[in-house]
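Shown next: work23.json, given as JSON, C-alpha atoms.
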```json
[["chain", "number", "residue", "atom", "x", "y", "z"],
["L", 1, "MET", "CA", 8.44, -11.30, 5.33],
["L", 2, "LYS", "CA", 4.87, -10.78, 6.43],
["L", 3, "LEU", "CA", 3.40, -7.38, 5.70],
["L", 4, "THR", "CA", 1.15, -5.59, 8.16],
["L", 5, "ARG", "CA", -2.56, -5.13, 7.66],
["L", 6, "TYR", "CA", -1.81, -1.40, 7.33],
["L", 7, "THR", "CA", 0.30, -2.07, 4.22],
["L", 8, "ASP", "CA", -2.31, -4.49, 2.88],
["L", 9, "TYR", "CA", -5.05, -1.87, 3.18],
["L", 10, "ALA", "CA", -2.82, 0.83, 1.69],
["L", 11, "LEU", "CA", -2.16, -1.34, -1.35],
["L", 12, "ARG", "CA", -5.84, -2.22, -1.68],
["L", 13, "ALA", "CA", -6.79, 1.48, -1.63],
["L", 14, "LEU", "CA", -4.16, 2.31, -4.25],
["L", 15, "ILE", "CA", -5.27, -0.57, -6.48],
["L", 16, "TYR", "CA", -8.86, 0.65, -6.23],
["L", 17, "LEU", "CA", -7.81, 4.16, -7.22],
["L", 18, "ALA", "CA", -5.69, 2.83, -10.09],
["L", 19, "ALA", "CA", -8.66, 0.84, -11.39],
["L", 20, "ASN", "CA", -10.76, 4.00, -11.19],
["L", 21, "ASN", "CA", -8.74, 5.52, -14.07],
["L", 22, "GLY", "CA", -8.34, 8.98, -12.57],
["L", 23, "GLY", "CA", -11.91, 9.24, -11.36],
["L", 24, "LEU", "CA", -12.70, 10.31, -7.84],
["L", 25, "ALA", "CA", -13.57, 7.77, -5.18],
["L", 26, "SER", "CA", -14.63, 8.11, -1.57],
["L", 27, "ILE", "CA", -13.13, 6.35, 1.42],
["L", 28, "ARG", "CA", -16.53, 4.75, 1.94],
["L", 29, "GLN", "CA", -16.51, 3.29, -1.60],
["L", 30, "ILE", "CA", -13.03, 1.84, -1.14],
["L", 31, "ALA", "CA", -13.84, 0.45, 2.32],
["L", 32, "ASP", "CA", -17.09, -1.09, 1.09],
["L", 33, "ALA", "CA", -15.40, -2.62, -1.97],
["L", 34, "HIS", "CA", -12.85, -4.37, 0.24],
["L", 35, "GLY", "CA", -15.02, -4.98, 3.29],
["L", 36, "ILE", "CA", -12.66, -3.08, 5.59],
["L", 37, "SER", "CA", -13.10, -0.50, 8.32],
["L", 38, "GLN", "CA", -13.78, 2.99, 7.01],
["L", 39, "ASN", "CA", -12.20, 4.59, 10.10],
["L", 40, "HIS", "CA", -9.02, 2.57, 9.75],
["L", 41, "LEU", "CA", -8.85, 3.29, 6.03],
["L", 42, "MET", "CA", -9.28, 7.01, 6.67],
["L", 43, "LYS", "CA", -6.02, 7.11, 8.65],
["L", 44, "ILE", "CA", -4.21, 5.13, 5.97],
["L", 45, "VAL", "CA", -5.44, 7.34, 3.14],
["L", 46, "GLN", "CA", -4.42, 10.45, 5.07],
["L", 47, "ASP", "CA", -0.94, 8.98, 5.42],
["L", 48, "LEU", "CA", -0.83, 8.06, 1.72],
["L", 49, "GLY", "CA", -1.79, 11.65, 0.95],
["L", 50, "SER", "CA", 1.01, 13.03, 3.10],
["L", 51, "ALA", "CA", 3.44, 10.74, 1.29],
["L", 52, "GLY", "CA", 2.31, 11.93, -2.14],
["L", 53, "PHE", "CA", 0.59, 8.76, -3.31],
["L", 54, "VAL", "CA", -2.98, 10.08, -3.07],
["L", 55, "LYS", "CA", -4.52, 13.49, -3.49],
["L", 56, "THR", "CA", -7.85, 14.69, -2.23],
["L", 57, "VAL", "CA", -10.30, 16.92, -3.97],
["L", 58, "ARG", "CA", -12.48, 18.86, -1.56],
["L", 59, "GLY", "CA", -16.03, 19.91, -2.05],
["L", 60, "ARG", "CA", -19.39, 18.46, -2.83],
["L", 61, "HIS", "CA", -18.12, 16.39, -5.74],
["L", 62, "GLY", "CA", -14.75, 15.70, -4.18],
["L", 63, "GLY", "CA", -12.97, 12.48, -3.38],
["L", 64, "LEU", "CA", -9.66, 10.71, -3.73],
["L", 65, "GLN", "CA", -7.48, 9.89, -6.69],
["L", 66, "LEU", "CA", -3.89, 8.89, -7.31],
["L", 67, "ALA", "CA", -1.51, 11.83, -7.00],
["L", 68, "ARG", "CA", 0.54, 10.53, -9.92],
["L", 69, "PRO", "CA", 0.09, 7.86, -12.59],
["L", 70, "ALA", "CA", -0.05, 4.24, -11.40],
["L", 71, "ALA", "CA", 2.96, 3.50, -13.62],
["L", 72, "ASP", "CA", 5.01, 5.95, -11.53],
["L", 73, "ILE", "CA", 4.27, 4.25, -8.20],
["L", 74, "THR", "CA", 6.20, 1.12, -7.28],
["L", 75, "ILE", "CA", 4.98, -1.41, -4.77],
["L", 76, "GLY", "CA", 8.41, -1.11, -3.13],
["L", 77, "GLN", "CA", 7.85, 2.61, -2.51],
["L", 78, "VAL", "CA", 4.54, 1.91, -0.82],
["L", 79, "VAL", "CA", 5.90, -0.94, 1.30],
["L", 80, "ARG", "CA", 8.93, 1.11, 2.36],
["L", 81, "HIS", "CA", 6.59, 3.90, 3.39],
["L", 82, "THR", "CA", 4.07, 1.78, 5.29],
["L", 83, "GLU", "CA", 6.34, -0.76, 6.96],
["L", 84, "ASP", "CA", 8.74, 0.17, 9.72],
["L", 85, "ASP", "CA", 12.42, -0.17, 8.96],
["L", 86, "GLY", "CA", 13.04, -2.46, 11.90],
["L", 87, "GLY", "CA", 14.67, -5.82, 11.54],
["L", 88, "MET", "CA", 12.79, -9.00, 10.85],
["L", 89, "VAL", "CA", 13.62, -10.19, 14.35],
["L", 90, "ASP", "CA", 14.25, -8.37, 17.63],
["L", 91, "CYS", "CA", 17.79, -9.15, 18.69],
["L", 92, "GLY", "CA", 17.76, -6.73, 21.63],
["L", 93, "THR", "CA", 17.42, -9.36, 24.36],
["L", 94, "CYS", "CA", 19.10, -12.25, 22.57],
["L", 95, "ARG", "CA", 22.04, -13.77, 24.43],
["L", 96, "ILE", "CA", 24.00, -14.56, 21.26],
["L", 97, "ALA", "CA", 23.35, -11.26, 19.45],
["L", 98, "GLU", "CA", 26.97, -10.11, 19.77],
["L", 99, "GLY", "CA", 28.34, -12.96, 17.67],
["L", 100, "CYS", "CA", 25.31, -13.86, 15.58],
["L", 101, "GLY", "CA", 25.28, -13.37, 11.83],
["L", 102, "LEU", "CA", 21.53, -13.73, 11.34],
["L", 103, "PRO", "CA", 20.72, -9.99, 11.45],
["L", 104, "ALA", "CA", 22.95, -9.37, 8.43],
["L", 105, "VAL", "CA", 21.36, -12.28, 6.55],
["L", 106, "PHE", "CA", 17.86, -11.00, 7.35],
["L", 107, "ALA", "CA", 18.80, -7.46, 6.28],
["L", 108, "GLU", "CA", 20.08, -8.80, 2.96],
["L", 109, "ALA", "CA", 16.92, -10.86, 2.47],
["L", 110, "ARG", "CA", 14.73, -7.82, 3.23],
["L", 111, "GLU", "CA", 16.61, -5.76, 0.64],
["L", 112, "ALA", "CA", 16.22, -8.53, -1.94],
["L", 113, "PHE", "CA", 12.49, -8.65, -1.19],
["L", 114, "LEU", "CA", 12.16, -4.89, -1.62],
["L", 115, "THR", "CA", 14.25, -4.96, -4.80],
["L", 116, "VAL", "CA", 11.67, -7.28, -6.37],
["L", 117, "LEU", "CA", 8.85, -4.99, -5.21],
["L", 118, "ASP", "CA", 10.69, -2.01, -6.70],
["L", 119, "ARG", "CA", 10.39, -3.63, -10.13],
["L", 120, "CYS", "CA", 6.61, -3.95, -9.77],
["L", 121, "ARG", "CA", 4.49, -0.90, -10.46],
["L", 122, "LEU", "CA", 0.97, -0.19, -9.26],
["L", 123, "SER", "CA", -0.11, -0.32, -12.89],
["L", 124, "ASP", "CA", 1.26, -3.89, -13.08],
["L", 125, "VAL", "CA", -0.89, -5.17, -10.21],
["L", 126, "ALA", "CA", -3.96, -3.27, -11.40],
["L", 127, "ARG", "CA", -3.39, -4.47, -14.95],
["L", 128, "THR", "CA", -6.90, -5.77, -15.49],
["L", 129, "PRO", "CA", -8.96, -2.68, -14.67],
["L", 130, "ASP", "CA", -12.03, -4.17, -16.35],
["L", 131, "ALA", "CA", -12.06, -6.98, -13.80],
["L", 132, "PHE", "CA", -11.63, -4.50, -10.97],
["L", 133, "ARG", "CA", -14.36, -2.24, -12.31],
["L", 134, "HIS", "CA", -16.68, -5.23, -12.26],
["L", 135, "LEU", "CA", -15.61, -6.31, -8.76],
["L", 136, "PHE", "CA", -15.55, -2.81, -7.31],
["L", 137, "ALA", "CA", -18.43, -1.43, -9.40],
["L", 138, "VAL", "CA", -16.32, 1.62, -10.28]]
```

Rewritten as structure tokens:
Amino acid sequence: MKLTRYTDYALRALIYLAANNGGLASIRQIADAHGISQNHLMKIVQDLGSAGFVKTVRGRHGGLQLARPAADITIGQVVRHTEDDGGMVDCGTCRIAEGCGLPAVFAEAREAFLTVLDRCRLSDVARTPDAFRHLFAV
């Protein structure tokens, strides 16, 4: 299963915030650290905020931080939120769709994939915060 760029950027933003150990970060800092579009990231962060992954602190010294500890966020939760629930293939116009068993196989494979991601926490993938602090200059 190939994840969208949207999910990739969402995970990158969350990893950055996890490496920031509760400190505040700006969208610009995250975008610059990853070399990604600030405008695109702004939409993603807003969505992550609506979903309860990120919280914003307003004001002059405001910024972003994780809404809950990194150990409480699974990669599966993030992927389920950012990826559509559609099938891996579009069977709508397929001539053999009525008798084909592939959609059930793909659905089972997707669930197995997400089950593995459910076992992985954000704190697991951001497990070397010292390395990230050096790379991100946080």

CA of Leu24 in chain L to CA of Tyr9 in chain L, distance in Å rounded to a single decimal: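 CA of Tyr9 in chain L lies 18.1 Å from CA of Leu24 in chain L.
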
Distance in Å - CA of Ala13 in chain L versus CA of Ile30 in chain L: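 Value for the CA of Ala13 in chain L-CA of Ile30 in chain L distance: 6.3 Å.
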
Residue contacts of Asp118 in chain L (10 Å, all atoms listed in the file) excluding same-chain residues fewer than 5 positions away, as a PyMOL selection string: chain L and resi 73-80+112-113

Nearest to Thr56 in chain L by atom-to-atom distance, counting all atoms listed in the file, from L:Ala25, L:Leu14, L:Met1, L:Val89: L:Ala25

Around all the atoms of range 44-51 of chain L listed in the file, with 3 Å of room on each side, what axis-aligned box do you get, giving centre and edge lengths in Å to one decimal, as AutoDock Vina command-line options?
```
--center_x -1.0 --center_y 9.1 --center_z 3.5 --size_x 14.9 --size_y 13.9 --size_z 11.0
```

Show me, as a CSV table (one decimal) with C-alpha atoms, keeping the file's coordinate frame, the residues that have an atom within 9 Å of Ile15 in chain L when counting only C-alpha atoms, minus same-chain residues fewer than 2 positions from it.
```
chain,number,residue,atom,x,y,z
L,10,ALA,CA,-2.8,0.8,1.7
L,11,LEU,CA,-2.2,-1.3,-1.4
L,12,ARG,CA,-5.8,-2.2,-1.7
L,13,ALA,CA,-6.8,1.5,-1.6
L,17,LEU,CA,-7.8,4.2,-7.2
L,18,ALA,CA,-5.7,2.8,-10.1
L,19,ALA,CA,-8.7,0.8,-11.4
L,20,ASN,CA,-10.8,4.0,-11.2
L,70,ALA,CA,0.0,4.2,-11.4
L,122,LEU,CA,1.0,-0.2,-9.3
L,123,SER,CA,-0.1,-0.3,-12.9
L,125,VAL,CA,-0.9,-5.2,-10.2
L,126,ALA,CA,-4.0,-3.3,-11.4
L,132,PHE,CA,-11.6,-4.5,-11.0
```

For CA of Arg121 in chain L and CA of Gly35 in chain L, the interatomic separation in Å (one decimal):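 Between these atoms lies a distance of 24.2 Å.
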
Near-Asn39 in chain L list (12 Å; all atoms listed in the file; drop same-chain fewer than 6 positions) as a list in words: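 Surrounding residues, per the criterion: Tyr9, Ile27, Arg28, Ile30, Ala31, Asp32, Val45 and Gln46 of chain L.
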
Residue with smallest distance to Asp47 in chain L - pool L:Ala104, L:Val116, L:Glu98, L:Tyr6, counting only C-alpha atoms: L:Tyr6

Distance criterion (all atoms listed in the file): nearest to Pro69 in chain L out of L:Asp124, L:Leu3, L:Met88, L:Thr82: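 Ranking L:Asp124, L:Leu3, L:Met88, L:Thr82 by distance to Pro69 in chain L, first place goes to L:Asp124.
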
Using only C-alpha atoms: which of L:Gln38, L:Gly22, L:Ala33, L:Glu111 has the shortest distance to Leu66 in chain L: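 Nearest to Leu66 in chain L: L:Gly22.
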
Within 10 Å of file point (4.8, 10.5, -0.9), counting all atoms listed in the file, expressed as a list in words: Asp47, Leu48, Gly49, Ser50, Ala51, Gly52, Phe53, Val54, Ala67, Arg68, Ile73, Gln77, Val78 and His81 of chain L

From L:Leu64, L:Cys120, L:Leu102, L:Ala71, residue lying nearest Gly23 in chain L [all atoms listed in the file]: L:Leu64
